[in-house]
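Novice: Structure provided below as structure tokens; questions to follow.
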Number of protein chains: 2
Amino acid sequence: VSAAPAEPARVLVVGAGLVGTSIGLGLRPGGTDVLLADASPTVAAVAADLGAGRRAPAPDEAGADDEPDLVVVAAPPDVTARLVAEHLRRWPRAVVTDVASTKQAVVAEVLRLAGDDAGRYVGGHPMAGRERSGPMAARGDLFVGRPWVLTPVEGTRVASKALVREAATRLGAVVVELDPASHDEAVALVSHLPQVAASLVAARLVGAPASAVALAGQGLRDVTRIAASDPVLWAQILAGNAAPLARQLRLVRDDLDRAVAALEQVAAGDVPAADRRPGEGEQDAPAGRSPVGTLARLVADGNAGRAVVPGKHGDAPAVYATVPVLVPDRPGALAALIGVIGEIGVNIEDLRIEHSPGRLTGVAEVAVVPSARDHLVGELRGRGWSVPD
Amino acid sequence: VSAAPAEPARVLVVGAGLVGTSIGLGLRPGGTDVLLADASPTVAAVAADLGAGRRAPAPDEAGADDEPDLVVVAAPPDVTARLVAEHLRRWPRAVVTDVASTKQAVVAEVLRLAGDDAGRYVGGHPMAGRERSGPMAARGDLFVGRPWVLTPVEGTRVASKALVREAATRLGAVVVELDPASHDEAVALVSHLPQVAASLVAARLVGAPASAVALAGQGLRDVTRIAASDPVLWAQILAGNAAPLARQLRLVRDDLDRAVAALEQVAAGDVPAADRRPGEGEQDAPAGRSPVGTLARLVADGNAGRAVVPGKHGDAPAVYATVPVLVPDRPGALAALIGVIGEIGVNIEDLRIEHSPGRLTGVAEVAVVPSARDHLVGELRGRGWSVPD
């Protein structure tokens, strides 16, 4: 085991785009010496000007004070493995990691290129990004609360993994370990599939009548937000995860085919759609479903899937029961409610208030552990609070 | 031309769900007398409690003071036409409109059912909604800055249209006129297609490994947000617009087929994907494209489509200032914070808490009037509360 330090004192970031520059911005305030390299000197200069670190000297000019403990390759996916191998060779005491968004191909290529040096390599993927790219979009808090996947393999040194873990943790990320194949299956589902879906929907808007597009609302905006992503970068990312992504997309196509067939049946007048709703319980029935039932089933499946999407800070959304309570919109009313809930002896896990201009009352949505729900509802009603069903 | 008033003084809302209750909440402050009817007396009572209006008397108990100038049918799509015709008959001096999200079928059915009375009917569709339904989700500002489509036809009276336009304008909406067929094509594209896409993606998450779903980020959250919509309601909406929606979905399927074929080619090793990027300008080339070029083209088309999506306009400016406060995750901590803010003498306009398992502190986001912000921050810090910059 090498004597890698517990904390990286000097980090070389190779590739000063969104992710690389954000790493520099995030590490600098903790006192880390960050060196920035980029194929484009202009990009490296911009990142340095932003405060992400100092520009790395050319290899032949590097002194002892420029030797990194940790190299983070944050370059495009198609050059990542080559750059990782190059820096493993150049810095024989450094740990090298990368941030490429697919891992099986990159890890295999590094093992092939780097031989024995590969023990100092730890595959990585911070699950953070923005639909904008480049150093100007960087943020020091880009990784706060976000998963950072490490994909160590059999020959990976324990101390190397510990060093990368420490750096990711200092950036506020939550480190998760997965094998490269499981990682790629996971990102096909939670990252690449949504990207393709957003692009497919947005692509339909090209050439649409202005009067139609003018009707767009928050739903379309949300579904298509990530469709603004960089085409060349994303073509590489998607192609880099071709097999797992194709599997997901074929499943989507099956569901889509069923939806189209159901709609065509309705459109052909085979079903008096306007006169009927999906039958009682039909959205749960496994087969023999009406066209409208097929559509309801798709939306219901979407409900179920949406329910497992973690909330903003990684909290599971379904852990708590929500009790809605009407709260008059005047000073003290909310404090009174909170006080009463405290008297009842129930802990408030989360609280959301919504009110709007013109409304006489707000709605407080009180999240509590499910076992406390019924007790709370009963007690609140008993004390005169309005708790709708 | 009938002597319809320029402004509706009394509005009967039929169906006190999200849209109906929001209409009541939005019209009341301007002095409109709003009557609320619903198939469920409980729902009507909740809407009235929220301040959306008064409960409509039973038809045989309605007096002269209960006769509406305008009836807004805000009921599920499959009963809309019948209710419109019924209210046209019941109130021979009233204008009747609806809010159903598809218009061709509803308008045709009203014309068929209502005969001469149909001149007082104006089809409508406010382009506003939430992924939650029911009166509790209603907001008086739901329509502010949103398009409100009217679909008058040849026999529609000018004065009737003017009255509905006035009501929609008072709710802050931007009135747009379209013929029913153009409306349905437009909403297939900007509303129903994104809904299906969100459901298709979210449905893939059912049964996915927890380690995969845990990697989800804002992209997946945004793409699937509207997948939380009500299945029975949405099955009706989608089936009610079957032909235009099927057309859009077939085009999506064509693009999806191309993406799957490209990925399968890459996965089969026909293309050294990791070694190459889409060729120079290839994302714009019409044909003869490499698999990676096909993927880049899809994302580039998505860029172009995304660019035409209108921004969030007409939104009320951020009325409140938000003060984030760290709150230890233990019983009583939140109550203590609320109590302290009360002592400081600042009214809490809105409150949001976010925390996650494993975190020692939550963050309460306290919304206050901007003029109170600095005072509150100073007082809280002075009392030992942690208020990050």
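Identifiers in this document derive from the order of the structure tokens: chains are assigned A, B, ..., residues are numbered from 1 separately in each chain, and ligands are numbered from 1 in order of occurrence.
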First superpose chain B onto chain A using a least-squares fit over all Cα atoms taken in order; then report the RMSD in Å.

Specialist: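 Least-squares fit of chain B onto chain A, C-alpha RMSD 9.0 Å.
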
Novice: As a PyMOL selection string, which residues of segment 145-203 of chain B does DSSP assign to helix (DSSP H, G or I)?

Specialist: chain B and resi 158-170+180-203

Novice: Go ahead and save the residues from that selection, with N, CA and C atoms, as an mmCIF file, in the first residue's frame.

Specialist:
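And here is the file that came out, out_39.cif:
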data_model
loop_
_atom_site.group_PDB
_atom_site.id
_atom_site.type_symbol
_atom_site.label_atom_id
_atom_site.label_comp_id
_atom_site.auth_asym_id
_atom_site.auth_seq_id
_atom_site.Cartn_x
_atom_site.Cartn_y
_atom_site.Cartn_z
ATOM 1 N N VAL B 158 -70.985 37.260 -30.253
ATOM 2 C CA VAL B 158 -69.852 38.143 -29.948
ATOM 3 C C VAL B 158 -69.855 38.541 -28.478
ATOM 4 N N ALA B 159 -71.032 38.860 -27.952
ATOM 5 C CA ALA B 159 -71.108 39.314 -26.557
ATOM 6 C C ALA B 159 -70.742 38.178 -25.601
ATOM 7 N N SER B 160 -71.081 36.942 -25.985
ATOM 8 C CA SER B 160 -70.743 35.798 -25.121
ATOM 9 C C SER B 160 -69.236 35.645 -25.035
ATOM 10 N N LYS B 161 -68.604 35.748 -26.195
ATOM 11 C CA LYS B 161 -67.149 35.631 -26.245
ATOM 12 C C LYS B 161 -66.505 36.739 -25.406
ATOM 13 N N ALA B 162 -67.043 37.958 -25.521
ATOM 14 C CA ALA B 162 -66.471 39.092 -24.784
ATOM 15 C C ALA B 162 -66.550 38.868 -23.279
ATOM 16 N N LEU B 163 -67.646 38.255 -22.833
ATOM 17 C CA LEU B 163 -67.807 38.041 -21.397
ATOM 18 C C LEU B 163 -66.791 37.025 -20.876
ATOM 19 N N VAL B 164 -66.603 35.940 -21.609
ATOM 20 C CA VAL B 164 -65.643 34.929 -21.168
ATOM 21 C C VAL B 164 -64.233 35.502 -21.207
ATOM 22 N N ARG B 165 -63.967 36.277 -22.270
ATOM 23 C CA ARG B 165 -62.661 36.928 -22.387
ATOM 24 C C ARG B 165 -62.387 37.827 -21.178
ATOM 25 N N GLU B 166 -63.410 38.538 -20.766
ATOM 26 C CA GLU B 166 -63.258 39.438 -19.621
ATOM 27 C C GLU B 166 -62.941 38.659 -18.342
ATOM 28 N N ALA B 167 -63.634 37.561 -18.147
ATOM 29 C CA ALA B 167 -63.395 36.763 -16.937
ATOM 30 C C ALA B 167 -61.972 36.191 -16.941
ATOM 31 N N ALA B 168 -61.553 35.670 -18.087
ATOM 32 C CA ALA B 168 -60.210 35.093 -18.174
ATOM 33 C C ALA B 168 -59.149 36.165 -17.947
ATOM 34 N N THR B 169 -59.393 37.347 -18.510
ATOM 35 C CA THR B 169 -58.444 38.447 -18.353
ATOM 36 C C THR B 169 -58.341 38.875 -16.900
ATOM 37 N N ARG B 170 -59.497 38.912 -16.215
ATOM 38 C CA ARG B 170 -59.490 39.266 -14.799
ATOM 39 C C ARG B 170 -58.695 38.271 -13.976
ATOM 40 N N PRO B 180 -61.285 24.922 -32.876
ATOM 41 C CA PRO B 180 -61.148 23.711 -32.037
ATOM 42 C C PRO B 180 -60.115 22.715 -32.570
ATOM 43 N N ALA B 181 -60.035 22.531 -33.880
ATOM 44 C CA ALA B 181 -59.087 21.540 -34.413
ATOM 45 C C ALA B 181 -57.642 21.985 -34.185
ATOM 46 N N SER B 182 -57.344 23.266 -34.442
ATOM 47 C CA SER B 182 -55.974 23.760 -34.219
ATOM 48 C C SER B 182 -55.603 23.670 -32.745
ATOM 49 N N HIS B 183 -56.577 23.974 -31.890
ATOM 50 C CA HIS B 183 -56.321 23.831 -30.457
ATOM 51 C C HIS B 183 -55.902 22.406 -30.119
ATOM 52 N N ASP B 184 -56.641 21.433 -30.639
ATOM 53 C CA ASP B 184 -56.356 20.045 -30.264
ATOM 54 C C ASP B 184 -54.995 19.592 -30.797
ATOM 55 N N GLU B 185 -54.630 20.024 -32.010
ATOM 56 C CA GLU B 185 -53.296 19.709 -32.540
ATOM 57 C C GLU B 185 -52.222 20.325 -31.638
ATOM 58 N N ALA B 186 -52.463 21.553 -31.219
ATOM 59 C CA ALA B 186 -51.473 22.260 -30.407
ATOM 60 C C ALA B 186 -51.268 21.576 -29.051
ATOM 61 N N VAL B 187 -52.353 21.218 -28.393
ATOM 62 C CA VAL B 187 -52.189 20.628 -27.056
ATOM 63 C C VAL B 187 -51.644 19.202 -27.143
ATOM 64 N N ALA B 188 -51.910 18.513 -28.265
ATOM 65 C CA ALA B 188 -51.276 17.196 -28.446
ATOM 66 C C ALA B 188 -49.771 17.363 -28.371
ATOM 67 N N LEU B 189 -49.278 18.424 -28.990
ATOM 68 C CA LEU B 189 -47.837 18.669 -29.051
ATOM 69 C C LEU B 189 -47.266 19.197 -27.733
ATOM 70 N N VAL B 190 -47.887 20.224 -27.186
ATOM 71 C CA VAL B 190 -47.236 20.904 -26.054
ATOM 72 C C VAL B 190 -47.693 20.411 -24.688
ATOM 73 N N SER B 191 -48.740 19.612 -24.654
ATOM 74 C CA SER B 191 -49.238 19.164 -23.350
ATOM 75 C C SER B 191 -49.324 17.634 -23.265
ATOM 76 N N HIS B 192 -49.962 17.007 -24.252
ATOM 77 C CA HIS B 192 -50.208 15.566 -24.134
ATOM 78 C C HIS B 192 -48.963 14.735 -24.442
ATOM 79 N N LEU B 193 -48.200 15.167 -25.454
ATOM 80 C CA LEU B 193 -46.941 14.468 -25.746
ATOM 81 C C LEU B 193 -45.970 14.498 -24.555
ATOM 82 N N PRO B 194 -45.715 15.665 -23.953
ATOM 83 C CA PRO B 194 -44.833 15.654 -22.774
ATOM 84 C C PRO B 194 -45.368 14.777 -21.644
ATOM 85 N N GLN B 195 -46.696 14.755 -21.481
ATOM 86 C CA GLN B 195 -47.271 13.905 -20.432
ATOM 87 C C GLN B 195 -46.949 12.437 -20.698
ATOM 88 N N VAL B 196 -47.160 11.994 -21.931
ATOM 89 C CA VAL B 196 -46.872 10.589 -22.272
ATOM 90 C C VAL B 196 -45.381 10.304 -22.092
ATOM 91 N N ALA B 197 -44.527 11.224 -22.526
ATOM 92 C CA ALA B 197 -43.079 11.011 -22.408
ATOM 93 C C ALA B 197 -42.674 10.890 -20.942
ATOM 94 N N ALA B 198 -43.222 11.767 -20.104
ATOM 95 C CA ALA B 198 -42.901 11.708 -18.673
ATOM 96 C C ALA B 198 -43.350 10.376 -18.078
ATOM 97 N N SER B 199 -44.539 9.928 -18.475
ATOM 98 C CA SER B 199 -45.048 8.657 -17.948
ATOM 99 C C SER B 199 -44.201 7.487 -18.442
ATOM 100 N N LEU B 200 -43.798 7.525 -19.713
ATOM 101 C CA LEU B 200 -42.984 6.435 -20.261
ATOM 102 C C LEU B 200 -41.660 6.313 -19.513
ATOM 103 N N VAL B 201 -41.016 7.447 -19.246
ATOM 104 C CA VAL B 201 -39.729 7.410 -18.542
ATOM 105 C C VAL B 201 -39.934 6.947 -17.094
ATOM 106 N N ALA B 202 -40.924 7.529 -16.435
ATOM 107 C CA ALA B 202 -41.155 7.176 -15.025
ATOM 108 C C ALA B 202 -41.533 5.704 -14.881
ATOM 109 N N ALA B 203 -42.281 5.180 -15.853
ATOM 110 C CA ALA B 203 -42.709 3.775 -15.768
ATOM 111 C C ALA B 203 -41.509 2.833 -15.748
#

Novice: So which one's closest to chain B, A:Pro92, A:Gly63, A:Pro68, A:Pro76? Using only C-alpha atoms, please.

Specialist: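 Of A:Pro92, A:Gly63, A:Pro68, A:Pro76, the one nearest chain B is A:Pro76, counting only C-alpha atoms.
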
Novice: Please provide the set of residues having any atom within 10 Å of segment 44-47 of chain A, restricted to only C-alpha atoms, with same-chain residues fewer than 5 positions apart removed, written as a list of chain:residue names.

Specialist: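 Listed by chain and then number, they are A:Val13, A:Val14, A:Gly15, A:Ala16, A:Gly17, A:Leu18, A:Gly20, A:Thr21, A:Ser22, A:Gly24, A:Leu25, A:Leu35, A:Leu36, A:Ala37, A:Asp38, A:Ala39, A:Ala52, A:Gly53, A:Arg54, A:Arg55, A:Ala56, A:Gly134, A:Pro135, A:Met136, A:Ala138.
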
Novice: One decimal, in Å: what's the spacing between atom CA of Asp65 of chain B and atom CA of Arg10 of chain B?

Specialist: 8.8 Å

Novice: Would you pick out the contacts of Glu109 of chain A at 12 Å or less, using only C-alpha atoms, so that residues sharing its chain but fewer than 5 positions from it are not included, and give the list as a ChimeraX atom specification?

Specialist: /A:77-85,103-104,114-115,118,121,123 /B:274-275

Novice: If you run DSSP on the backbone, which residues of segment 158-389 of chain A are strand (DSSP E), as a PyMOL selection string?

Specialist: chain A and resi 174-177+321-328+350-354+361-368

Novice: May I have the residues from that selection written out with N, CA and C atoms, as an mmCIF file, in the first residue's frame?

Specialist:
data_model
loop_
_atom_site.group_PDB
_atom_site.id
_atom_site.type_symbol
_atom_site.label_atom_id
_atom_site.label_comp_id
_atom_site.auth_asym_id
_atom_site.auth_seq_id
_atom_site.Cartn_x
_atom_site.Cartn_y
_atom_site.Cartn_z
ATOM 1 N N VAL A 174 -21.881 12.717 -1.919
ATOM 2 C CA VAL A 174 -22.132 11.489 -1.179
ATOM 3 C C VAL A 174 -21.550 10.346 -2.007
ATOM 4 N N VAL A 175 -20.501 9.704 -1.480
ATOM 5 C CA VAL A 175 -19.796 8.689 -2.264
ATOM 6 C C VAL A 175 -20.548 7.365 -2.254
ATOM 7 N N VAL A 176 -20.696 6.784 -3.414
ATOM 8 C CA VAL A 176 -21.401 5.520 -3.610
ATOM 9 C C VAL A 176 -20.458 4.621 -4.406
ATOM 10 N N GLU A 177 -20.327 3.345 -4.014
ATOM 11 C CA GLU A 177 -19.505 2.440 -4.809
ATOM 12 C C GLU A 177 -20.376 1.472 -5.598
ATOM 13 N N ALA A 321 -45.873 10.557 5.932
ATOM 14 C CA ALA A 321 -47.272 10.797 5.572
ATOM 15 C C ALA A 321 -47.517 12.304 5.634
ATOM 16 N N THR A 322 -48.329 12.802 4.731
ATOM 17 C CA THR A 322 -48.594 14.235 4.701
ATOM 18 C C THR A 322 -50.009 14.524 5.184
ATOM 19 N N VAL A 323 -50.113 15.448 6.128
ATOM 20 C CA VAL A 323 -51.415 15.857 6.655
ATOM 21 C C VAL A 323 -51.659 17.309 6.244
ATOM 22 N N PRO A 324 -52.647 17.559 5.393
ATOM 23 C CA PRO A 324 -52.942 18.945 5.010
ATOM 24 C C PRO A 324 -53.843 19.606 6.055
ATOM 25 N N VAL A 325 -53.493 20.810 6.437
ATOM 26 C CA VAL A 325 -54.290 21.530 7.438
ATOM 27 C C VAL A 325 -54.551 22.948 6.929
ATOM 28 N N LEU A 326 -55.797 23.390 7.004
ATOM 29 C CA LEU A 326 -56.101 24.773 6.610
ATOM 30 C C LEU A 326 -55.608 25.735 7.687
ATOM 31 N N VAL A 327 -54.893 26.760 7.256
ATOM 32 C CA VAL A 327 -54.331 27.729 8.200
ATOM 33 C C VAL A 327 -54.746 29.129 7.755
ATOM 34 N N PRO A 328 -55.489 29.843 8.593
ATOM 35 C CA PRO A 328 -55.868 31.215 8.226
ATOM 36 C C PRO A 328 -54.618 32.040 7.937
ATOM 37 N N ASP A 350 -41.397 17.515 8.095
ATOM 38 C CA ASP A 350 -41.282 18.445 6.983
ATOM 39 C C ASP A 350 -42.557 19.275 6.957
ATOM 40 N N LEU A 351 -42.443 20.461 6.404
ATOM 41 C CA LEU A 351 -43.591 21.351 6.447
ATOM 42 C C LEU A 351 -43.571 22.196 5.195
ATOM 43 N N ARG A 352 -44.709 22.313 4.565
ATOM 44 C CA ARG A 352 -44.791 23.141 3.381
ATOM 45 C C ARG A 352 -46.055 23.965 3.497
ATOM 46 N N ILE A 353 -45.954 25.238 3.238
ATOM 47 C CA ILE A 353 -47.154 26.068 3.250
ATOM 48 C C ILE A 353 -47.387 26.605 1.864
ATOM 49 N N GLU A 354 -48.605 26.553 1.445
ATOM 50 C CA GLU A 354 -48.927 27.176 0.171
ATOM 51 C C GLU A 354 -50.064 28.145 0.403
ATOM 52 N N THR A 361 -57.273 31.375 3.291
ATOM 53 C CA THR A 361 -56.550 30.420 4.112
ATOM 54 C C THR A 361 -55.402 29.839 3.315
ATOM 55 N N GLY A 362 -54.340 29.476 4.009
ATOM 56 C CA GLY A 362 -53.276 28.719 3.392
ATOM 57 C C GLY A 362 -53.454 27.255 3.739
ATOM 58 N N VAL A 363 -52.701 26.429 3.067
ATOM 59 C CA VAL A 363 -52.708 25.008 3.391
ATOM 60 C C VAL A 363 -51.309 24.644 3.878
ATOM 61 N N ALA A 364 -51.226 24.177 5.111
ATOM 62 C CA ALA A 364 -49.950 23.674 5.600
ATOM 63 C C ALA A 364 -49.935 22.175 5.365
ATOM 64 N N GLU A 365 -48.905 21.708 4.702
ATOM 65 C CA GLU A 365 -48.770 20.272 4.518
ATOM 66 C C GLU A 365 -47.727 19.785 5.515
ATOM 67 N N VAL A 366 -48.217 19.084 6.517
ATOM 68 C CA VAL A 366 -47.360 18.652 7.605
ATOM 69 C C VAL A 366 -46.954 17.201 7.355
ATOM 70 N N ALA A 367 -45.651 16.974 7.217
ATOM 71 C CA ALA A 367 -45.177 15.612 7.004
ATOM 72 C C ALA A 367 -44.795 14.998 8.340
ATOM 73 N N VAL A 368 -45.319 13.818 8.601
ATOM 74 C CA VAL A 368 -45.033 13.128 9.863
ATOM 75 C C VAL A 368 -44.749 11.658 9.554
#

Novice: Using only C-alpha atoms, which residue out of B:Val71, B:Leu111, B:Ala296, B:Leu380 lies closest to chain A?

Specialist: B:Ala296

Novice: Quick one: everything within 8 Å of segment 128-133 of chain B, counting only C-alpha atoms, minus sequence neighbours fewer than 5 positions away in the same chain. Send it as number ranges by chain.

Specialist: A: 217; B: 17-19, 138, 142-143, 146-147, 225-230

Novice: Determine the nearest neighbour of chain B from the options A:Gly378, A:Gly26, A:Gly124, A:Gly207, counting only C-alpha atoms.

Specialist: A:Gly207
